[in-house]
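Visitor: Provided herewith is a single structure, encoded as structure tokens, for subsequent inquiry.
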Amino acid sequence: MLLDKLNAQELNKIKTLSFNKDDVIFHEDDLCEEITILLEGVIEISSYSFQGMKMIYNTILPNQIFGNNLLFSSEPRYKGNVICKTKCKVAIIKKDILVNIISNNQEFLLEYLKLQSDFGKTLNDKIKILSFKNADERLFYYLKINNNHIKINSIAYLAKELYLSREATSRLISSLVNKGIISKDIKGNKIIISLS
């Protein structure tokens with residue numbers, strides 16, 4: 001984890017905050033002046049279309065960071081509302097403190113660059129998924145980037161990852177299972193989908 005790379009003096013410069021479910025940490029168009037590390041809970045970044053439809057841009061899980069792609073950009077404003085989906089605890093590193101830490105702590109710098117690179121790769125994967133016109137190509141690509149084996153909590157989660165409706169995703173999986181192209185198992189509260 002990123003914070004594990006900090007010494008005691010650096011940790012003292014980090015602010016830790018707690019939030020309740022449905023609290024808004026940042027509003028759309030707020031200026032981004034820090035990176036935020038989620039320590040506990042689940043955060044959603046979302047906005048609304050002109051027609052009033054909710055659009056979820058990202059779901060942040062523990063040990064993930066956000067604000068990192070905005071902080072040094074030419075337009076460092078949040079593109080959506082940053083909302084706590086559960087009780088949350090976050091660590092906030094202000095821009096000037098981050099620059100100081102990066103300049104003096106090579107271990108932290110390397111971990112930070114790794115997180116940035118991983119985020120870029122994930123973003124490229126999402127763009128590629130969206131470039132596929134039909135649903136089965138999206139599913140096959142998603143399986144490929146996950147070593148042909150995925151473990152999910154729900155079909156709704158997979159639908160979100162594929163940018164499809166839950167109904168379309170469910171029909172697609174049933175069809176591919178019936179054709180013997182993929183297998184679907186349920187173990188505990190997880191759904192496991194693999195290429196046959």
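If you're wondering about the labels, chains in the structure tokens are A, B, ... by order shown, residues count from 1 in each chain, ligands from 1 in order shown.
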List as a tab-separated table every residue of region 174-193 of chain A that is in contact with region 123-140 of chain A, defined as an atom at most 10 Å from one of its atoms (using only C-alpha atoms), together with the nearest atom pair and the distance in Å rounded to one decimal, sorted by chain and then rising number.

Guide:
residue	atom	partner	partner_atom	distance
A:Ser175	CA	A:Asp136	CA	9.9
A:Leu176	CA	A:Asp136	CA	8.5
A:Ile182	CA	A:Phe140	CA	9.6

Visitor: Can you tell me, as a list in words, what residues are no more than 8 Å from region 112-119 of chain A when counting only C-alpha atoms, ignoring any on the same chain fewer than 4 positions away?

Guide: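 Listing them by chain and then by number gives Leu2, Asn68, Asn69, Phe108 and Leu123 of chain A.
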
Visitor: Restricting the calculation to only C-alpha atoms: of A:Val24, A:Met1, A:Leu143, A:Ala8, which residue gets closest to Pro62 (chain A)?

Guide: A:Met1

Visitor: Which parts of region 6-180 of chain A does DSSP call strand (DSSP E or B) when run on the backbone here, written out as an MDAnalysis selection string?

Guide: chainID A and resid 15:19 24:26 31 34:40 43:48 54:60 65:66 77 81:84 88:94 149:152

Visitor: Ranking A:Leu3, A:Ile65, A:Val82, A:Val42 by minimum distance to Asp29 (chain A) and counting only C-alpha atoms, which one comes first?

Guide: A:Val82

Visitor: To one decimal place in Å, what is the distance between CA of Asn12 (chain A) and CA of Thr59 (chain A)?

Guide: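 Taking CA of Asn12 (chain A) and CA of Thr59 (chain A), their separation equals 27.9 Å.
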
Visitor: So which residues touch Glu34 (chain A) within 6 Å, counting only C-alpha atoms, skipping near sequence neighbours fewer than 2 positions away, as a PDB file with all heavy atoms, in the first residue's frame?

Guide:
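Okay, this is what ended up in part-v3.pdb:
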ATOM      1  N   CYS A  32      -9.430  20.087  -7.612  1.00  0.00           N
ATOM      2  CA  CYS A  32      -8.687  18.979  -7.014  1.00  0.00           C
ATOM      3  C   CYS A  32      -7.321  19.506  -6.575  1.00  0.00           C
ATOM      4  O   CYS A  32      -6.517  19.922  -7.411  1.00  0.00           O
ATOM      5  CB  CYS A  32      -8.529  17.830  -8.020  1.00  0.00           C
ATOM      6  SG  CYS A  32      -7.552  16.467  -7.376  1.00  0.00           S
ATOM      7  N   ILE A  93      -3.544  13.617   0.846  1.00  0.00           N
ATOM      8  CA  ILE A  93      -2.198  14.171   0.707  1.00  0.00           C
ATOM      9  C   ILE A  93      -2.288  15.395  -0.205  1.00  0.00           C
ATOM     10  O   ILE A  93      -2.563  15.273  -1.400  1.00  0.00           O
ATOM     11  CB  ILE A  93      -1.209  13.142   0.112  1.00  0.00           C
ATOM     12  CG1 ILE A  93      -1.217  11.839   0.908  1.00  0.00           C
ATOM     13  CG2 ILE A  93       0.204  13.744   0.069  1.00  0.00           C
ATOM     14  CD1 ILE A  93      -0.318  10.745   0.350  1.00  0.00           C
ATOM     15  N   LYS A  94      -2.062  16.575   0.368  1.00  0.00           N
ATOM     16  CA  LYS A  94      -2.115  17.825  -0.392  1.00  0.00           C
ATOM     17  C   LYS A  94      -0.991  17.859  -1.428  1.00  0.00           C
ATOM     18  O   LYS A  94       0.055  17.225  -1.262  1.00  0.00           O
ATOM     19  CB  LYS A  94      -1.994  19.030   0.549  1.00  0.00           C
ATOM     20  CG  LYS A  94      -3.202  19.236   1.435  1.00  0.00           C
ATOM     21  CD  LYS A  94      -4.329  19.810   0.639  1.00  0.00           C
ATOM     22  CE  LYS A  94      -5.501  20.221   1.499  1.00  0.00           C
ATOM     23  NZ  LYS A  94      -6.630  20.660   0.696  1.00  0.00           N
ATOM     24  N   LYS A  95      -1.204  18.615  -2.488  1.00  0.00           N
ATOM     25  CA  LYS A  95      -0.285  18.661  -3.626  1.00  0.00           C
ATOM     26  C   LYS A  95       1.149  19.004  -3.205  1.00  0.00           C
ATOM     27  O   LYS A  95       2.090  18.323  -3.607  1.00  0.00           O
ATOM     28  CB  LYS A  95      -0.794  19.667  -4.659  1.00  0.00           C
ATOM     29  CG  LYS A  95       0.024  19.699  -5.932  1.00  0.00           C
ATOM     30  CD  LYS A  95      -0.591  20.661  -6.945  1.00  0.00           C
ATOM     31  CE  LYS A  95       0.170  20.654  -8.254  1.00  0.00           C
ATOM     32  NZ  LYS A  95      -0.459  21.533  -9.258  1.00  0.00           N
TER      33      LYS A  95
END

Visitor: Can you tell me which residues surround Lys21 (chain A) at a distance of at most 6 Å, considering only C-alpha atoms, apart from same-chain residues fewer than 4 positions away, and format the answer as a short mmCIF file (atom, residue, chain, number, x, y, z; two decimals) with C-alpha atoms, in the first residue's frame?

Guide:
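Here's the written file out.cif:
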data_model
loop_
_atom_site.label_atom_id
_atom_site.label_comp_id
_atom_site.auth_asym_id
_atom_site.auth_seq_id
_atom_site.Cartn_x
_atom_site.Cartn_y
_atom_site.Cartn_z
CA CYS A 84 -19.49 7.53 0.07
CA LYS A 85 -21.54 4.39 -0.60
CA THR A 86 -20.70 3.13 2.91
CA LYS A 87 -18.99 4.58 5.96
#

Visitor: Can you measure CA of Val177 (chain A) to CA of His149 (chain A) for me? One decimal in Å is fine.

Guide: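 Atom-to-atom, CA of Val177 (chain A) to CA of His149 (chain A), that is 14.0 Å.
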
Visitor: Got a sec: who's within 10 Å of Tyr57 (chain A), counting only C-alpha atoms, leaving out chain neighbours fewer than 5 positions off, as a PDB file with N, CA and C atoms, in the first residue's frame?

Guide:
ATOM      1  N   GLU A  44     -18.091   6.094  -4.715  1.00  0.00           N
ATOM      2  CA  GLU A  44     -18.551   6.116  -6.107  1.00  0.00           C
ATOM      3  C   GLU A  44     -18.361   7.522  -6.659  1.00  0.00           C
ATOM      4  N   ILE A  45     -17.865   7.600  -7.892  1.00  0.00           N
ATOM      5  CA  ILE A  45     -17.758   8.889  -8.579  1.00  0.00           C
ATOM      6  C   ILE A  45     -18.798   8.881  -9.686  1.00  0.00           C
ATOM      7  N   SER A  46     -19.756   9.804  -9.600  1.00  0.00           N
ATOM      8  CA  SER A  46     -20.877   9.786 -10.539  1.00  0.00           C
ATOM      9  C   SER A  46     -21.320  11.200 -10.885  1.00  0.00           C
ATOM     10  N   SER A  47     -22.093  11.273 -11.956  1.00  0.00           N
ATOM     11  CA  SER A  47     -22.634  12.542 -12.426  1.00  0.00           C
ATOM     12  C   SER A  47     -24.002  12.257 -13.034  1.00  0.00           C
ATOM     13  N   LYS A  79     -14.723  15.556 -12.181  1.00  0.00           N
ATOM     14  CA  LYS A  79     -15.679  15.362 -13.287  1.00  0.00           C
ATOM     15  C   LYS A  79     -17.000  14.779 -12.821  1.00  0.00           C
ATOM     16  N   GLY A  80     -17.095  14.474 -11.536  1.00  0.00           N
ATOM     17  CA  GLY A  80     -18.323  13.941 -10.966  1.00  0.00           C
ATOM     18  C   GLY A  80     -18.326  14.150  -9.466  1.00  0.00           C
ATOM     19  N   ASN A  81     -19.428  13.811  -8.823  1.00  0.00           N
ATOM     20  CA  ASN A  81     -19.524  13.876  -7.368  1.00  0.00           C
ATOM     21  C   ASN A  81     -18.858  12.646  -6.771  1.00  0.00           C
ATOM     22  N   VAL A  82     -18.058  12.854  -5.730  1.00  0.00           N
ATOM     23  CA  VAL A  82     -17.367  11.764  -5.039  1.00  0.00           C
ATOM     24  C   VAL A  82     -18.173  11.463  -3.777  1.00  0.00           C
TER      25      VAL A  82
END

Visitor: Work out how far CA of Asn153 (chain A) is from CA of Lys190 (chain A), in Å to one decimal.

Guide: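 Straight-line distance from CA of Lys190 (chain A) to CA of Asn153 (chain A) works out to 5.0 Å.
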
Visitor: Nearest to Ile83 (chain A): which of A:Phe19, A:Tyr142, A:Tyr48, A:Tyr157 is it, counting only C-alpha atoms?

Guide: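 Among the listed residues, the smallest separation from Ile83 (chain A) belongs to A:Phe19.
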
Visitor: Would you mind listing what lies within 12 Å of Ile97 (chain A) as a PyMOL selection string, with only C-alpha atoms counted and same-chain residues fewer than 2 positions away left out?

Guide: chain A and resi 6+9-15+33-35+92-95+99-105

Visitor: Could you check which of A:Cys88, A:Ile43, A:Ile192, A:Leu162 is closest to Tyr141 (chain A), using only C-alpha atoms?

Guide: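 When distances to Tyr141 (chain A) are compared using only C-alpha atoms, the smallest one comes from A:Leu162.
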
Visitor: Going by DSSP on the backbone, which bits of chain A are alpha helix (DSSP H)? Write them as a PDB file with C-alpha atoms, in the first residue's frame, please.

Guide:
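The result, written out as states_38.pdb:
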ATOM      1  CA  ALA A   8       6.741   8.658  10.554  1.00  0.00           C
ATOM      2  CA  GLN A   9       7.551  12.293   9.732  1.00  0.00           C
ATOM      3  CA  GLU A  10       5.810  12.026   6.335  1.00  0.00           C
ATOM      4  CA  LEU A  11       2.786  10.249   7.844  1.00  0.00           C
ATOM      5  CA  LYS A  95      -0.285  18.661  -3.626  1.00  0.00           C
ATOM      6  CA  ASP A  96       2.682  20.460  -2.014  1.00  0.00           C
ATOM      7  CA  ILE A  97       3.183  17.620   0.484  1.00  0.00           C
ATOM      8  CA  LEU A  98       2.940  15.026  -2.304  1.00  0.00           C
ATOM      9  CA  VAL A  99       5.582  16.855  -4.367  1.00  0.00           C
ATOM     10  CA  ASN A 100       7.866  16.999  -1.321  1.00  0.00           C
ATOM     11  CA  ILE A 101       7.417  13.291  -0.558  1.00  0.00           C
ATOM     12  CA  ILE A 102       7.952  12.277  -4.201  1.00  0.00           C
ATOM     13  CA  SER A 103      11.123  14.382  -4.312  1.00  0.00           C
ATOM     14  CA  ASN A 104      12.617  12.781  -1.203  1.00  0.00           C
ATOM     15  CA  GLN A 106      12.151   6.997  -3.890  1.00  0.00           C
ATOM     16  CA  GLU A 107      10.214   3.982  -2.556  1.00  0.00           C
ATOM     17  CA  PHE A 108       7.034   6.059  -2.398  1.00  0.00           C
ATOM     18  CA  LEU A 109       7.733   7.519  -5.855  1.00  0.00           C
ATOM     19  CA  LEU A 110       8.080   4.057  -7.418  1.00  0.00           C
ATOM     20  CA  GLU A 111       4.859   2.813  -5.774  1.00  0.00           C
ATOM     21  CA  TYR A 112       3.015   5.976  -6.862  1.00  0.00           C
ATOM     22  CA  LEU A 113       4.231   5.570 -10.467  1.00  0.00           C
ATOM     23  CA  LYS A 114       3.166   1.901 -10.393  1.00  0.00           C
ATOM     24  CA  LEU A 115      -0.351   2.923  -9.296  1.00  0.00           C
ATOM     25  CA  GLN A 116      -0.474   5.565 -12.032  1.00  0.00           C
ATOM     26  CA  SER A 117       0.622   3.019 -14.648  1.00  0.00           C
ATOM     27  CA  ASP A 118      -1.899   0.435 -13.433  1.00  0.00           C
ATOM     28  CA  PHE A 119      -4.647   3.063 -13.618  1.00  0.00           C
ATOM     29  CA  GLY A 120      -3.627   3.918 -17.191  1.00  0.00           C
ATOM     30  CA  LYS A 121      -3.714   0.234 -18.158  1.00  0.00           C
ATOM     31  CA  THR A 122      -7.179  -0.197 -16.593  1.00  0.00           C
ATOM     32  CA  LEU A 123      -8.422   2.881 -18.433  1.00  0.00           C
ATOM     33  CA  ASN A 124      -7.059   1.528 -21.739  1.00  0.00           C
ATOM     34  CA  ASP A 125      -8.815  -1.798 -21.093  1.00  0.00           C
ATOM     35  CA  LYS A 126     -12.111   0.042 -20.506  1.00  0.00           C
ATOM     36  CA  ILE A 127     -11.680   2.035 -23.716  1.00  0.00           C
ATOM     37  CA  LYS A 128     -10.956  -1.157 -25.629  1.00  0.00           C
ATOM     38  CA  ILE A 129     -14.050  -2.877 -24.172  1.00  0.00           C
ATOM     39  CA  LEU A 130     -16.165   0.065 -25.317  1.00  0.00           C
ATOM     40  CA  SER A 131     -14.661  -0.170 -28.817  1.00  0.00           C
ATOM     41  CA  ALA A 135     -21.628  -7.995 -26.339  1.00  0.00           C
ATOM     42  CA  ASP A 136     -19.842 -11.329 -26.810  1.00  0.00           C
ATOM     43  CA  GLU A 137     -16.642  -9.578 -28.011  1.00  0.00           C
ATOM     44  CA  ARG A 138     -16.739  -7.425 -24.873  1.00  0.00           C
ATOM     45  CA  LEU A 139     -17.119 -10.485 -22.655  1.00  0.00           C
ATOM     46  CA  PHE A 140     -14.332 -12.423 -24.431  1.00  0.00           C
ATOM     47  CA  TYR A 141     -11.952  -9.456 -24.113  1.00  0.00           C
ATOM     48  CA  TYR A 142     -12.851  -9.052 -20.425  1.00  0.00           C
ATOM     49  CA  LEU A 143     -12.144 -12.749 -19.897  1.00  0.00           C
ATOM     50  CA  LYS A 144      -8.838 -12.418 -21.778  1.00  0.00           C
ATOM     51  CA  ILE A 145      -7.546  -9.570 -19.588  1.00  0.00           C
ATOM     52  CA  ILE A 155     -24.201 -10.363 -12.947  1.00  0.00           C
ATOM     53  CA  ALA A 156     -24.968  -6.665 -12.330  1.00  0.00           C
ATOM     54  CA  TYR A 157     -21.281  -6.098 -11.506  1.00  0.00           C
ATOM     55  CA  LEU A 158     -20.186  -7.816 -14.720  1.00  0.00           C
ATOM     56  CA  ALA A 159     -22.765  -5.834 -16.718  1.00  0.00           C
ATOM     57  CA  LYS A 160     -21.255  -2.617 -15.371  1.00  0.00           C
ATOM     58  CA  GLU A 161     -17.749  -3.762 -16.332  1.00  0.00           C
ATOM     59  CA  LEU A 162     -18.943  -4.556 -19.874  1.00  0.00           C
ATOM     60  CA  ARG A 166     -27.926  -6.574 -16.622  1.00  0.00           C
ATOM     61  CA  GLU A 167     -30.544  -8.311 -18.770  1.00  0.00           C
ATOM     62  CA  ALA A 168     -28.324  -8.352 -21.885  1.00  0.00           C
ATOM     63  CA  THR A 169     -25.381  -9.700 -19.858  1.00  0.00           C
ATOM     64  CA  SER A 170     -27.511 -12.427 -18.288  1.00  0.00           C
ATOM     65  CA  ARG A 171     -28.855 -13.520 -21.719  1.00  0.00           C
ATOM     66  CA  LEU A 172     -25.333 -13.502 -23.178  1.00  0.00           C
ATOM     67  CA  ILE A 173     -23.930 -15.714 -20.413  1.00  0.00           C
ATOM     68  CA  SER A 174     -26.849 -18.170 -20.661  1.00  0.00           C
ATOM     69  CA  SER A 175     -26.410 -18.408 -24.437  1.00  0.00           C
ATOM     70  CA  LEU A 176     -22.635 -18.982 -24.261  1.00  0.00           C
ATOM     71  CA  VAL A 177     -23.036 -21.566 -21.468  1.00  0.00           C
ATOM     72  CA  ASN A 178     -25.658 -23.442 -23.549  1.00  0.00           C
TER      73      ASN A 178
END
